[in-house]
Amino acid sequence: MKVRGLLRWRVAGLLLAMVVIVALPYLATRVMADETQQTNLWLNHASMVKAVTYRIAYLIRDSEAACYRILAGDGDAATGQRAGSARDQVPALLAQLRTLTRDNPDQQARIGALESVTNGRVTLVDQALARLRKGDTDGARQSLRDTGDLFHMHVLIDGIAQTEDRLLADRTRDVVQQVTRSQFVLGLTALAQLVLLIVVVISSERQIGKRQLAETREGRAVLRSQMIVQAVREPIALFDEQLRSLLVNAAFSELYGLDPKHQRALPLPQIGDGAWSDGALLQRLNDVLLRNRELWDYELVQRTADGVDRHVVINARRIQQQDSDAQALLLTVSDVTARALAEQKVSELNHQLEGKVAQVSDVNRELEAFSYSVSHDLRAPLRHIAGFARKLRQHLGERVDDTGSHYLDVIGNSAQRMAQLIDDLLVFSRLGRGALRLQPVDMQSLVEEARALCEAEGADRRIAWSIAPLPIVVGDENMLRTVWQNLIGNAVKYTGQRELAHIAVDVQRNRNGDYEFTVSDDGAGFDMQYADKLFGVFQRLHRASDFPGNGIGLANVRRILARHGGRVWAESEPDRGARFHFSLPARDLSGASPERSP
């Protein structure tokens with residue numbers, strides 16, 4: 001925008017300079033011509049005034065001279081006419097003289113005085129002629145002498161002529177000054193024209209240089225573009241409105257068996273031994289040229305120069321040819337044979353996966369049948385064992401000895417433990433099959449709930465708790481409650497031999513942005529070489545006599561976290577406590593989709 005404004009000001013300044021350079025010489029020349037013409041007019045005017053004045057003086061003196069000749073007796077008819085010519089011609093000349101000098105009051109005054117003098121002298125001449133006709137020569141001579149004595153004319157004549165000369169000199173001086181100024185203006189104008197010419201020449205040279213530089217850069221850019229197009233491994237070609245080749249890169253030539261040195265335009269259907277003879281494709285390409293419809297991801301199987309059937313994706317769009325109004329077709333080809341083979345492989349794998357899913361469904365149904373069998377068929381014998389053990393104790397009453405009482409206690413406790421194992425196994429099975437009910441879950445509340453439950457069961461315990469602020473996550477609240485109750489319950493259980501136990505709950509974000517929760521304690525710990533058994537079903541690393549339990553809790557934790565997209569792991573040293581870590585994805589409820597049961 002700034003460059004355009006500067007360009008407009010430059011053009012305006014150039015136009016103004018041209019107008020000034022053209023107008024000033026014209027005005028100066030016009031003024032000089034007007035002044036010269038005016039000078040000539042004033043010169044003619046002064047000459048005419050002087051000529052009329054001198055004519056009047058001549059007529060007066062010639063009239064008087066004719067009278068003297070008549071007085072001397074040498075007169076004739078011509079002499080008589082001369083003697084009366086002043087009376088006839090001088091009034092008209094005086095009137096003309098008044099007209100010529102009407103803009104000059106001084107000259108008008110002098111002409112008035114001259115008129116009086118000429119009238120007096122003409123009157124005296126007429127008087128002398130009258131006396132001559134009467135024969136009074138002395139009187140005639142006296143009248144002629146009186147013309148020179150009474151009416152002095154030469155002073156007025158010289159005054160009028162000198163005034164005109166002075167006015168002409170003043171006016172000539174003014175004209176000379178005006179001409180000098182005009183010449184100065186013309187000189188400045190010539191200098192300005194020279195400067196403008198230099199500026200125009202320099203600007204033209206710069207513009208020519210810039211244009212040559214721009215053309216050089218454009219040529220280099222075009223060459224660079226052509227080199228890039230030739231270096232690109234994706235086949236690219238340019239065709240005219242009749243689908244004749246204008247430009248093909250090396251990849252296109254290699255794919256369709258063209259000679260890179262062959263410069264003759266080839267119709268598209270003749271390229272690649274019929275690879276481009278597909279009628280639907282040619283119609284689409286013509287639509288791109290005629291209707292400016294872009295062609296995107298048109299898939300086609302072509303037999304290329306190496307004799308291989310390739311899956312290709314064709315894209316085309318219309319572009320404007322350089323330095324021409326004609327349209328061109330830019331065509332790119334992408335070899336997606338590998339992708340097509342991969343998709344075929346994926347399709348085969350999906351088909352295999354469907355078979356596996358069917359097998360898994362069969363296994364799940366078998367597991368459901370097994371769970372039903374465990375829930376119903378195994379519970380009945382256990383109830384019988386426990387029930388008949390109680391009846392036997394009641395039947396024997398006081399007759400039972402210590403050994404029999406011990407045997408009956410072992411039978412009852414074993415039946416009760418087996419029932420608990422069956423219940424835990426059913427819970428583990430349901431955790432893997434039940435649907436997730438995803439919702440916002442306040443982890444802080446779940447931890448406080450698990451803590452309160454543990455403190456209620458072990459009221460005589462001394463535990464130092466350290467619980468960091470915990471976030472709200474998206475998950476199944478009941479399942480995550482089970483996770484916290486198991487982990488915090490284990491921390492409380494395995495610190496039972498400490499007079500003052502320390503249990504901490506913390507959270508941080510890992511590099512993937514997921515939440516990473518940690519439950520640490522200073523309890524019994526375990527040997528890390530057995531850590532792979534820690535999360536197995538019914539796997540324990542401590543004796544039941546030391547720490548009670550069935551070995552199913554951590555297996556439930558791992559299954560719950562796996563279904564939430566997280567994982568669980570542990571770190572420990574014997575008698576130096578343990579640290580259990582688990583991760584959960586940090587996701588919004590809007591992005592979560594409930595998992596359906598199989």
# chains A, B, ... in the order shown; residues from 1 in each chain; ligands from 1
call {"tool": "closest_atom_pairs", "arguments": {"of": "range 197-267 of chain A", "to": "range 278-284 of chain A", "cutoff": "12 Å", "atoms": "only C-alpha atoms", "output": "JSON lines"}}
result
{"residue": "A:Gln242", "atom": "CA", "partner": "A:Leu282", "partner_atom": "CA", "distance": 11.0}
{"residue": "A:Leu243", "atom": "CA", "partner": "A:Leu282", "partner_atom": "CA", "distance": 9.1}
{"residue": "A:Pro267", "atom": "CA", "partner": "A:Leu282", "partner_atom": "CA", "distance": 11.3}
call {"tool": "select_by_dssp", "arguments": {"residues": "range 241-351 of chain A", "states": "strand (DSSP E)", "output": "VMD selection string"}}
result
chain A and resid 245 to 248 295 to 303 309 to 320 327 to 335
call {"tool": "residues_around", "arguments": {"residues": "range 108-114 of chain A", "least_positions_apart": "6", "cutoff": "8 Å", "atoms": "only C-alpha atoms", "output": "mmCIF file with N, CA and C atoms, in the first residue's frame"}}
result
data_model
loop_
_atom_site.group_PDB
_atom_site.id
_atom_site.type_symbol
_atom_site.label_atom_id
_atom_site.label_comp_id
_atom_site.auth_asym_id
_atom_site.auth_seq_id
_atom_site.Cartn_x
_atom_site.Cartn_y
_atom_site.Cartn_z
ATOM 1 N N LEU A 94 -4.088 68.186 -37.071
ATOM 2 C CA LEU A 94 -4.176 68.421 -35.621
ATOM 3 C C LEU A 94 -5.174 67.471 -34.962
ATOM 4 N N LEU A 97 -3.559 64.210 -34.720
ATOM 5 C CA LEU A 97 -2.554 64.242 -33.653
ATOM 6 C C LEU A 97 -3.208 64.122 -32.275
ATOM 7 N N ARG A 98 -4.349 64.766 -32.112
ATOM 8 C CA ARG A 98 -5.080 64.657 -30.839
ATOM 9 C C ARG A 98 -5.527 63.202 -30.590
ATOM 10 N N THR A 101 -2.637 60.993 -29.434
ATOM 11 C CA THR A 101 -2.087 61.283 -28.100
ATOM 12 C C THR A 101 -3.193 61.474 -27.061
ATOM 13 N N ARG A 102 -4.352 60.860 -27.285
ATOM 14 C CA ARG A 102 -5.451 61.093 -26.348
ATOM 15 C C ARG A 102 -5.205 60.474 -24.972
ATOM 16 N N MET A 153 6.687 78.396 -33.084
ATOM 17 C CA MET A 153 6.167 77.047 -33.299
ATOM 18 C C MET A 153 7.217 75.959 -33.057
ATOM 19 N N LEU A 156 7.281 74.098 -29.604
ATOM 20 C CA LEU A 156 6.210 73.113 -29.405
ATOM 21 C C LEU A 156 6.448 71.861 -30.222
ATOM 22 N N ILE A 157 6.914 72.065 -31.464
ATOM 23 C CA ILE A 157 7.190 70.904 -32.313
ATOM 24 C C ILE A 157 8.257 70.041 -31.681
ATOM 25 N N GLY A 159 9.112 69.915 -28.562
ATOM 26 C CA GLY A 159 8.612 69.321 -27.293
ATOM 27 C C GLY A 159 7.786 68.080 -27.541
ATOM 28 N N ILE A 160 6.905 68.149 -28.546
ATOM 29 C CA ILE A 160 6.079 66.963 -28.844
ATOM 30 C C ILE A 160 6.958 65.803 -29.299
#
call {"tool": "atom_distance", "arguments": {"atom1": "CA of Leu194 in chain A", "atom2": "CA of Val175 in chain A"}}
result
27.9 Å
call {"tool": "atom_distance", "arguments": {"atom1": "CA of Lys134 in chain A", "atom2": "CA of Tyr58 in chain A"}}
result
27.4 Å
call {"tool": "decode", "arguments": {"residues": "range 344-356 of chain A", "atoms": "all heavy atoms", "output": "mmCIF file, in the first residue's frame"}}
result
data_model
loop_
_atom_site.group_PDB
_atom_site.id
_atom_site.type_symbol
_atom_site.label_atom_id
_atom_site.label_comp_id
_atom_site.auth_asym_id
_atom_site.auth_seq_id
_atom_site.Cartn_x
_atom_site.Cartn_y
_atom_site.Cartn_z
ATOM 1 N N GLN A 344 -5.229 -54.578 1.492
ATOM 2 C CA GLN A 344 -5.658 -55.961 1.273
ATOM 3 C C GLN A 344 -5.233 -56.853 2.431
ATOM 4 O O GLN A 344 -5.998 -57.694 2.907
ATOM 5 C CB GLN A 344 -5.067 -56.471 -0.043
ATOM 6 C CG GLN A 344 -5.514 -57.875 -0.413
ATOM 7 C CD GLN A 344 -4.908 -58.325 -1.737
ATOM 8 O OE1 GLN A 344 -4.193 -57.562 -2.383
ATOM 9 N NE2 GLN A 344 -5.189 -59.552 -2.125
ATOM 10 N N LYS A 345 -3.975 -56.628 2.895
ATOM 11 C CA LYS A 345 -3.486 -57.398 4.028
ATOM 12 C C LYS A 345 -4.302 -57.101 5.276
ATOM 13 O O LYS A 345 -4.657 -58.027 6.042
ATOM 14 C CB LYS A 345 -2.007 -57.064 4.268
ATOM 15 C CG LYS A 345 -1.346 -57.909 5.341
ATOM 16 C CD LYS A 345 -1.251 -59.358 4.933
ATOM 17 C CE LYS A 345 -0.481 -60.170 5.957
ATOM 18 N NZ LYS A 345 -0.405 -61.603 5.599
ATOM 19 N N VAL A 346 -4.631 -55.818 5.468
ATOM 20 C CA VAL A 346 -5.445 -55.443 6.629
ATOM 21 C C VAL A 346 -6.813 -56.095 6.538
ATOM 22 O O VAL A 346 -7.371 -56.557 7.548
ATOM 23 C CB VAL A 346 -5.568 -53.903 6.713
ATOM 24 C CG1 VAL A 346 -6.635 -53.490 7.718
ATOM 25 C CG2 VAL A 346 -4.230 -53.286 7.097
ATOM 26 N N SER A 347 -7.366 -56.121 5.315
ATOM 27 C CA SER A 347 -8.667 -56.772 5.142
ATOM 28 C C SER A 347 -8.588 -58.246 5.518
ATOM 29 O O SER A 347 -9.482 -58.785 6.200
ATOM 30 C CB SER A 347 -9.145 -56.608 3.699
ATOM 31 O OG SER A 347 -10.377 -57.243 3.508
ATOM 32 N N GLU A 348 -7.501 -58.908 5.089
ATOM 33 C CA GLU A 348 -7.337 -60.306 5.444
ATOM 34 C C GLU A 348 -7.192 -60.470 6.955
ATOM 35 O O GLU A 348 -7.775 -61.375 7.563
ATOM 36 C CB GLU A 348 -6.120 -60.882 4.727
ATOM 37 C CG GLU A 348 -6.278 -60.944 3.207
ATOM 38 C CD GLU A 348 -5.012 -61.424 2.522
ATOM 39 O OE1 GLU A 348 -4.011 -61.636 3.251
ATOM 40 O OE2 GLU A 348 -5.029 -61.575 1.281
ATOM 41 N N LEU A 349 -6.399 -59.556 7.559
ATOM 42 C CA LEU A 349 -6.221 -59.634 9.005
ATOM 43 C C LEU A 349 -7.527 -59.372 9.737
ATOM 44 O O LEU A 349 -7.811 -59.993 10.776
ATOM 45 C CB LEU A 349 -5.145 -58.633 9.451
ATOM 46 C CG LEU A 349 -3.710 -58.944 9.004
ATOM 47 C CD1 LEU A 349 -2.769 -57.830 9.417
ATOM 48 C CD2 LEU A 349 -3.239 -60.272 9.600
ATOM 49 N N ASN A 350 -8.320 -58.415 9.192
ATOM 50 C CA ASN A 350 -9.624 -58.165 9.807
ATOM 51 C C ASN A 350 -10.512 -59.399 9.739
ATOM 52 O O ASN A 350 -11.250 -59.708 10.681
ATOM 53 C CB ASN A 350 -10.312 -56.986 9.123
ATOM 54 C CG ASN A 350 -9.690 -55.661 9.504
ATOM 55 O OD1 ASN A 350 -9.087 -55.536 10.581
ATOM 56 N ND2 ASN A 350 -9.818 -54.665 8.632
ATOM 57 N N HIS A 351 -10.432 -60.072 8.582
ATOM 58 C CA HIS A 351 -11.220 -61.303 8.445
ATOM 59 C C HIS A 351 -10.759 -62.338 9.472
ATOM 60 O O HIS A 351 -11.587 -63.011 10.120
ATOM 61 C CB HIS A 351 -11.076 -61.856 7.031
ATOM 62 C CG HIS A 351 -11.905 -63.072 6.765
ATOM 63 N ND1 HIS A 351 -13.287 -63.045 6.685
ATOM 64 C CD2 HIS A 351 -11.544 -64.383 6.581
ATOM 65 C CE1 HIS A 351 -13.743 -64.258 6.456
ATOM 66 N NE2 HIS A 351 -12.703 -65.090 6.387
ATOM 67 N N GLN A 352 -9.431 -62.461 9.631
ATOM 68 C CA GLN A 352 -8.907 -63.378 10.643
ATOM 69 C C GLN A 352 -9.313 -62.929 12.041
ATOM 70 O O GLN A 352 -9.638 -63.755 12.901
ATOM 71 C CB GLN A 352 -7.383 -63.466 10.538
ATOM 72 C CG GLN A 352 -6.892 -64.063 9.226
ATOM 73 C CD GLN A 352 -5.379 -64.057 9.138
ATOM 74 O OE1 GLN A 352 -4.685 -63.728 10.107
ATOM 75 N NE2 GLN A 352 -4.863 -64.428 7.963
ATOM 76 N N LEU A 353 -9.280 -61.598 12.235
ATOM 77 C CA LEU A 353 -9.650 -61.073 13.553
ATOM 78 C C LEU A 353 -11.113 -61.360 13.870
ATOM 79 O O LEU A 353 -11.464 -61.662 15.021
ATOM 80 C CB LEU A 353 -9.391 -59.561 13.597
ATOM 81 C CG LEU A 353 -9.668 -58.868 14.932
ATOM 82 C CD1 LEU A 353 -8.794 -59.470 16.033
ATOM 83 C CD2 LEU A 353 -9.424 -57.363 14.802
ATOM 84 N N GLU A 354 -11.945 -61.256 12.844
ATOM 85 C CA GLU A 354 -13.349 -61.594 13.069
ATOM 86 C C GLU A 354 -13.490 -63.042 13.531
ATOM 87 O O GLU A 354 -14.311 -63.362 14.404
ATOM 88 C CB GLU A 354 -14.150 -61.358 11.786
ATOM 89 C CG GLU A 354 -14.304 -59.883 11.424
ATOM 90 C CD GLU A 354 -14.983 -59.699 10.084
ATOM 91 O OE1 GLU A 354 -15.290 -60.729 9.443
ATOM 92 O OE2 GLU A 354 -15.180 -58.539 9.675
ATOM 93 N N GLY A 355 -12.671 -63.913 12.935
ATOM 94 C CA GLY A 355 -12.694 -65.298 13.377
ATOM 95 C C GLY A 355 -12.228 -65.430 14.821
ATOM 96 O O GLY A 355 -12.805 -66.189 15.623
ATOM 97 N N LYS A 356 -11.151 -64.664 15.146
ATOM 98 C CA LYS A 356 -10.669 -64.693 16.525
ATOM 99 C C LYS A 356 -11.719 -64.150 17.484
ATOM 100 O O LYS A 356 -11.889 -64.679 18.598
ATOM 101 C CB LYS A 356 -9.380 -63.876 16.645
ATOM 102 C CG LYS A 356 -8.213 -64.391 15.823
ATOM 103 C CD LYS A 356 -7.751 -65.754 16.318
ATOM 104 C CE LYS A 356 -6.527 -66.219 15.542
ATOM 105 N NZ LYS A 356 -6.062 -67.563 15.973
#
